[in-house]
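Colleague: Below you'll find work-v5.csv; it's CSV, N, CA and C atoms.
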```
chain,number,residue,atom,x,y,z
A,1,MET,N,11.5,1.0,-40.0
A,1,MET,CA,11.0,0.5,-38.7
A,1,MET,C,9.6,0.9,-38.6
A,2,GLY,N,8.8,0.1,-38.0
A,2,GLY,CA,7.4,0.3,-37.9
A,2,GLY,C,6.7,-0.1,-36.7
A,3,VAL,N,5.5,0.4,-36.4
A,3,VAL,CA,4.7,0.1,-35.3
A,3,VAL,C,3.3,-0.1,-35.7
A,4,THR,N,2.7,-1.1,-35.4
A,4,THR,CA,1.2,-1.3,-35.6
A,4,THR,C,0.5,-1.1,-34.3
A,5,VAL,N,-0.3,-0.1,-34.2
A,5,VAL,CA,-1.0,0.3,-33.0
A,5,VAL,C,-2.3,-0.5,-32.9
A,6,VAL,N,-2.4,-1.4,-32.0
A,6,VAL,CA,-3.6,-2.3,-31.9
A,6,VAL,C,-4.5,-1.8,-30.8
A,7,GLY,N,-5.8,-1.9,-31.1
A,7,GLY,CA,-6.8,-1.6,-30.1
A,7,GLY,C,-6.8,-0.1,-29.6
A,8,CYS,N,-6.5,0.8,-30.5
A,8,CYS,CA,-6.3,2.2,-30.0
A,8,CYS,C,-7.1,3.1,-30.9
A,9,VAL,N,-7.8,4.0,-30.2
A,9,VAL,CA,-8.5,5.1,-30.9
A,9,VAL,C,-7.6,6.3,-30.6
A,10,CYS,N,-6.6,6.5,-31.5
A,10,CYS,CA,-5.6,7.5,-31.2
A,10,CYS,C,-5.8,8.7,-31.9
A,11,GLN,N,-5.4,9.8,-31.3
A,11,GLN,CA,-5.6,11.2,-31.9
A,11,GLN,C,-4.4,11.4,-32.9
A,12,GLN,N,-3.2,11.2,-32.5
A,12,GLN,CA,-2.0,11.4,-33.3
A,12,GLN,C,-0.9,10.4,-32.9
A,13,VAL,N,0.0,10.2,-33.9
A,13,VAL,CA,1.2,9.4,-33.6
A,13,VAL,C,2.4,10.2,-34.1
A,14,SER,N,3.4,10.2,-33.3
A,14,SER,CA,4.6,10.9,-33.7
A,14,SER,C,5.8,10.0,-33.5
A,15,TRP,N,6.8,10.3,-34.4
A,15,TRP,CA,8.1,9.6,-34.3
A,15,TRP,C,9.1,10.6,-33.8
A,16,VAL,N,9.9,10.3,-32.8
A,16,VAL,CA,11.0,11.2,-32.3
A,16,VAL,C,12.3,10.3,-32.2
A,17,ARG,N,13.4,11.0,-32.3
A,17,ARG,CA,14.7,10.4,-32.0
A,17,ARG,C,15.2,10.9,-30.7
A,18,ARG,N,15.6,9.9,-29.8
A,18,ARG,CA,16.1,10.2,-28.5
A,18,ARG,C,17.6,10.1,-28.6
A,19,LYS,N,18.3,11.2,-28.3
A,19,LYS,CA,19.8,11.2,-28.3
A,19,LYS,C,20.2,11.9,-27.0
A,20,ASP,N,20.9,11.2,-26.1
A,20,ASP,CA,21.3,11.7,-24.8
A,20,ASP,C,20.0,12.2,-24.1
A,21,ASP,N,20.0,13.5,-23.7
A,21,ASP,CA,18.8,14.0,-23.1
A,21,ASP,C,17.9,14.8,-24.0
A,22,GLN,N,18.1,14.7,-25.3
A,22,GLN,CA,17.4,15.5,-26.2
A,22,GLN,C,16.4,14.6,-27.0
A,23,LEU,N,15.3,15.2,-27.4
A,23,LEU,CA,14.3,14.6,-28.3
A,23,LEU,C,14.3,15.4,-29.6
A,24,GLN,N,14.4,14.7,-30.7
A,24,GLN,CA,14.2,15.4,-32.0
A,24,GLN,C,12.9,14.9,-32.7
A,25,LEU,N,12.0,15.8,-32.9
A,25,LEU,CA,10.8,15.5,-33.5
A,25,LEU,C,11.0,15.2,-35.0
A,26,ILE,N,10.6,14.1,-35.5
A,26,ILE,CA,10.7,13.7,-36.9
A,26,ILE,C,9.4,13.8,-37.6
A,27,THR,N,8.3,13.2,-37.0
A,27,THR,CA,7.0,13.2,-37.6
A,27,THR,C,6.0,13.5,-36.6
A,28,PHE,N,4.9,14.1,-37.0
A,28,PHE,CA,3.7,14.3,-36.1
A,28,PHE,C,2.5,14.1,-37.0
A,29,GLY,N,1.6,13.1,-36.7
A,29,GLY,CA,0.5,12.9,-37.6
A,29,GLY,C,1.1,12.4,-38.9
A,30,LEU,N,0.6,12.9,-40.0
A,30,LEU,CA,1.0,12.6,-41.3
A,30,LEU,C,2.1,13.5,-41.9
A,31,HIS,N,2.6,14.4,-41.1
A,31,HIS,CA,3.6,15.4,-41.5
A,31,HIS,C,5.0,15.1,-41.0
A,32,THR,N,6.0,15.3,-41.8
A,32,THR,CA,7.4,15.2,-41.5
A,32,THR,C,8.0,16.5,-41.1
A,33,TYR,N,8.6,16.7,-40.0
A,33,TYR,CA,9.1,18.0,-39.5
A,33,TYR,C,10.6,18.0,-39.5
A,34,SER,N,11.3,17.0,-39.8
A,34,SER,CA,12.7,17.0,-39.8
A,34,SER,C,13.3,17.7,-41.0
A,35,SER,N,14.4,18.4,-40.8
A,35,SER,CA,15.0,19.1,-41.9
A,35,SER,C,15.8,18.1,-42.8
A,36,ASP,N,16.0,16.9,-42.2
A,36,ASP,CA,16.7,15.8,-42.9
A,36,ASP,C,15.8,15.1,-43.9
A,37,SER,N,15.9,15.3,-45.2
A,37,SER,CA,15.0,14.8,-46.2
A,37,SER,C,15.1,13.3,-46.3
A,38,ARG,N,16.0,12.6,-45.7
A,38,ARG,CA,16.0,11.2,-45.7
A,38,ARG,C,14.9,10.5,-45.0
A,39,TYR,N,14.3,11.3,-44.0
A,39,TYR,CA,13.2,10.7,-43.2
A,39,TYR,C,11.9,10.9,-44.0
A,40,SER,N,11.0,9.8,-43.9
A,40,SER,CA,9.7,9.9,-44.5
A,40,SER,C,8.8,9.0,-43.6
A,41,LEU,N,7.5,9.2,-43.8
A,41,LEU,CA,6.5,8.4,-43.0
A,41,LEU,C,5.7,7.6,-43.9
A,42,GLY,N,5.6,6.3,-43.6
A,42,GLY,CA,4.7,5.4,-44.3
A,42,GLY,C,3.5,5.1,-43.4
A,43,TYR,N,2.3,5.3,-43.9
A,43,TYR,CA,1.1,5.0,-43.1
A,43,TYR,C,0.1,4.2,-43.9
A,44,GLN,N,-0.3,3.1,-43.3
A,44,GLN,CA,-1.3,2.2,-43.8
A,44,GLN,C,-2.5,2.2,-42.9
A,45,PRO,N,-3.6,2.8,-43.3
A,45,PRO,CA,-4.8,2.7,-42.4
A,45,PRO,C,-5.2,1.3,-42.1
A,46,PRO,N,-5.7,1.0,-40.9
A,46,PRO,CA,-6.0,2.1,-39.9
A,46,PRO,C,-5.0,2.4,-38.9
A,47,ASN,N,-3.9,1.6,-38.8
A,47,ASN,CA,-3.0,1.8,-37.6
A,47,ASN,C,-1.6,1.3,-37.8
A,48,ASP,N,-1.0,1.4,-39.0
A,48,ASP,CA,0.3,0.9,-39.3
A,48,ASP,C,1.2,2.2,-39.6
A,49,TRP,N,2.1,2.5,-38.7
A,49,TRP,CA,2.9,3.8,-38.8
A,49,TRP,C,4.3,3.3,-39.0
A,50,ARG,N,5.0,3.7,-40.1
A,50,ARG,CA,6.4,3.3,-40.3
A,50,ARG,C,7.2,4.5,-40.6
A,51,LEU,N,8.4,4.6,-39.9
A,51,LEU,CA,9.4,5.6,-40.2
A,51,LEU,C,10.4,5.0,-41.1
A,52,HIS,N,10.6,5.7,-42.3
A,52,HIS,CA,11.6,5.3,-43.3
A,52,HIS,C,12.8,6.2,-43.2
A,53,ILE,N,14.0,5.7,-43.2
A,53,ILE,CA,15.2,6.4,-43.3
A,53,ILE,C,16.0,6.0,-44.5
A,54,GLN,N,16.0,6.9,-45.5
A,54,GLN,CA,16.7,6.5,-46.8
A,54,GLN,C,18.2,6.7,-46.6
A,55,PHE,N,19.0,5.7,-47.1
A,55,PHE,CA,20.4,5.7,-47.0
A,55,PHE,C,20.9,5.7,-45.5
A,56,ALA,N,20.3,4.9,-44.7
A,56,ALA,CA,20.6,4.9,-43.3
A,56,ALA,C,22.1,4.5,-43.1
A,57,ASN,N,22.7,5.1,-42.1
A,57,ASN,CA,24.1,4.8,-41.9
A,57,ASN,C,24.4,4.8,-40.3
A,58,GLU,N,25.6,4.6,-39.9
A,58,GLU,CA,25.9,4.5,-38.5
A,58,GLU,C,25.5,5.7,-37.7
A,59,ARG,N,25.5,6.9,-38.3
A,59,ARG,CA,25.1,8.1,-37.5
A,59,ARG,C,23.6,8.0,-37.2
A,60,ASP,N,22.9,7.2,-37.8
A,60,ASP,CA,21.4,7.1,-37.6
A,60,ASP,C,21.1,6.1,-36.4
A,61,GLU,N,22.1,5.4,-36.0
A,61,GLU,CA,21.9,4.4,-35.0
A,61,GLU,C,21.5,5.0,-33.7
A,62,GLY,N,20.6,4.3,-32.9
A,62,GLY,CA,20.2,4.8,-31.6
A,62,GLY,C,18.7,4.6,-31.4
A,63,HIS,N,18.2,5.3,-30.4
A,63,HIS,CA,16.8,5.0,-29.9
A,63,HIS,C,15.8,6.0,-30.6
A,64,TYR,N,14.8,5.4,-31.2
A,64,TYR,CA,13.7,6.1,-31.8
A,64,TYR,C,12.4,5.7,-31.0
A,65,GLU,N,11.5,6.7,-30.9
A,65,GLU,CA,10.2,6.4,-30.2
A,65,GLU,C,9.1,6.7,-31.1
A,66,CYS,N,8.1,5.8,-31.0
A,66,CYS,CA,6.8,6.1,-31.7
A,66,CYS,C,5.9,6.4,-30.5
A,67,GLN,N,5.4,7.7,-30.4
A,67,GLN,CA,4.6,8.1,-29.3
A,67,GLN,C,3.1,8.2,-29.8
A,68,VAL,N,2.3,7.5,-29.1
A,68,VAL,CA,0.8,7.5,-29.4
A,68,VAL,C,0.1,8.3,-28.5
A,69,SER,N,-0.7,9.3,-29.0
A,69,SER,CA,-1.4,10.2,-28.1
A,69,SER,C,-2.8,9.6,-27.8
A,70,SER,N,-2.8,8.6,-27.0
A,70,SER,CA,-4.0,7.9,-26.5
A,70,SER,C,-4.1,8.1,-25.0
A,71,HIS,N,-5.2,7.6,-24.4
A,71,HIS,CA,-5.3,7.7,-23.0
A,71,HIS,C,-5.4,6.4,-22.4
A,72,PRO,N,-4.4,5.9,-21.6
A,72,PRO,CA,-3.1,6.7,-21.3
A,72,PRO,C,-2.2,6.7,-22.5
A,73,PRO,N,-1.2,7.7,-22.6
A,73,PRO,CA,-0.3,7.7,-23.7
A,73,PRO,C,0.6,6.4,-23.7
A,74,VAL,N,1.0,6.1,-24.9
A,74,VAL,CA,1.8,4.9,-25.2
A,74,VAL,C,3.0,5.3,-25.9
A,75,VAL,N,4.2,4.7,-25.5
A,75,VAL,CA,5.4,4.9,-26.2
A,75,VAL,C,6.1,3.6,-26.6
A,76,TYR,N,6.4,3.4,-27.9
A,76,TYR,CA,7.1,2.2,-28.3
A,76,TYR,C,8.5,2.7,-28.7
A,77,THR,N,9.5,2.0,-28.1
A,77,THR,CA,10.9,2.3,-28.3
A,77,THR,C,11.5,1.3,-29.3
A,78,VAL,N,12.3,1.9,-30.2
A,78,VAL,CA,13.0,1.0,-31.2
A,78,VAL,C,14.4,1.4,-31.2
A,79,LEU,N,15.3,0.4,-31.1
A,79,LEU,CA,16.7,0.6,-31.1
A,79,LEU,C,17.2,0.2,-32.5
A,80,LEU,N,17.7,1.2,-33.2
A,80,LEU,CA,18.2,1.0,-34.6
A,80,LEU,C,19.6,0.7,-34.6
A,81,HIS,N,20.0,-0.4,-35.2
A,81,HIS,CA,21.4,-0.7,-35.4
A,81,HIS,C,21.6,-1.0,-36.9
A,82,VAL,N,22.5,-0.2,-37.6
A,82,VAL,CA,22.7,-0.4,-39.0
A,82,VAL,C,23.8,-1.4,-39.3
A,83,VAL,N,23.6,-2.3,-40.2
A,83,VAL,CA,24.6,-3.3,-40.5
A,83,VAL,C,24.8,-3.3,-42.0
A,84,GLY,N,25.9,-3.8,-42.5
A,84,GLY,CA,26.2,-3.9,-43.9
A,84,GLY,C,27.0,-2.7,-44.4
A,85,GLU,N,27.3,-2.8,-45.7
A,85,GLU,CA,28.0,-1.8,-46.3
A,85,GLU,C,27.2,-0.5,-46.6
A,86,PRO,N,27.8,0.6,-46.4
A,86,PRO,CA,27.0,1.9,-46.7
A,86,PRO,C,26.6,1.9,-48.2
A,87,ALA,N,25.4,2.4,-48.4
A,87,ALA,CA,24.9,2.6,-49.8
A,87,ALA,C,25.5,3.8,-50.3
A,88,PRO,N,25.7,3.9,-51.6
A,88,PRO,CA,26.3,5.1,-52.2
A,88,PRO,C,25.2,6.2,-52.1
A,89,PHE,N,25.7,7.3,-51.6
A,89,PHE,CA,24.8,8.5,-51.5
A,89,PHE,C,24.7,9.2,-52.8
A,90,PRO,N,23.6,9.5,-53.4
A,90,PRO,CA,23.5,10.2,-54.7
A,90,PRO,C,24.1,11.6,-54.7
```
Any chance you could put this one into structure tokens?
Modeller:
Amino acid sequence: MGVTVVGCVCQQVSWVRRKDDQLQLITFGLHTYSSDSRYSLGYQPPNDWRLHIQFANERDEGHYECQVSSHPPVVYTVLLHVVGEPAPFP
């Protein structure tokens, strides 16, 4: 899933997962903070930020947010729905 931030001079971009009333920080800037090694960040300058989830499954479904630290702050919400057969986990 990805977001292209247009017309923004942004300081940082972060990806978080929103589950119930909790936020789980996944990435901040170019760094991944999740203990789940399936998450990675793809960044194409100047403004293409992509969250990658390797071997995504039904447990990964839900709301993810791309938070842009601009003025005013901007939040892009993505609803992930996984379809298809599960990939074999190595």
Colleague: Quick one: of A:Phe28, A:Leu79, A:Arg50, A:Asp20, who's nearest to His63 of chain A, counting only N, CA and C atoms?
Modeller: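 So, comparing all the options, the nearest one is A:Leu79.
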Colleague: Could you check how far atom N of Glu65 of chain A sits from atom CA of Gly42 of chain A, in Å to one decimal?
Modeller: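 Atom N of Glu65 of chain A sits 15.1 Å away from atom CA of Gly42 of chain A.
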Colleague: Just list as a VMD selection string whatever in chain A DSSP marks as strand (DSSP E).
Modeller: chain A and resid 2 to 4 13 to 19 22 to 28 31 to 32 39 to 44 48 to 53 62 to 68 74 to 80
Colleague: Go through A:Val68, A:Leu25, A:Val78, A:Ala56 one by one, measure the shortest atom-to-atom distance of each to Arg38 of chain A using all atoms listed in the file, and give the residue with the smallest value.
Modeller: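 Going through A:Val68, A:Leu25, A:Val78, A:Ala56 one by one, the smallest distance to Arg38 of chain A is for A:Ala56.
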Colleague: Give me, please, the distance in Å between atom N of His81 of chain A and atom C of Glu61 of chain A, quoted to one decimal.
Modeller: 5.8 Å
Colleague: Leaving out Ser34 of chain A and any residue of its chain fewer than 3 positions from it, which residues lie within 12 Å of it when counting only C-alpha atoms, given as a PyMOL selection string?
Modeller: chain A and resi 14-17+23-28+31+37-41+51+53
Colleague: For a test of reading the model, state the distance in Å between atom CA of Gln22 of chain A and atom C of Gly62 of chain A, rounded to one decimal.
Modeller: 12.1 Å
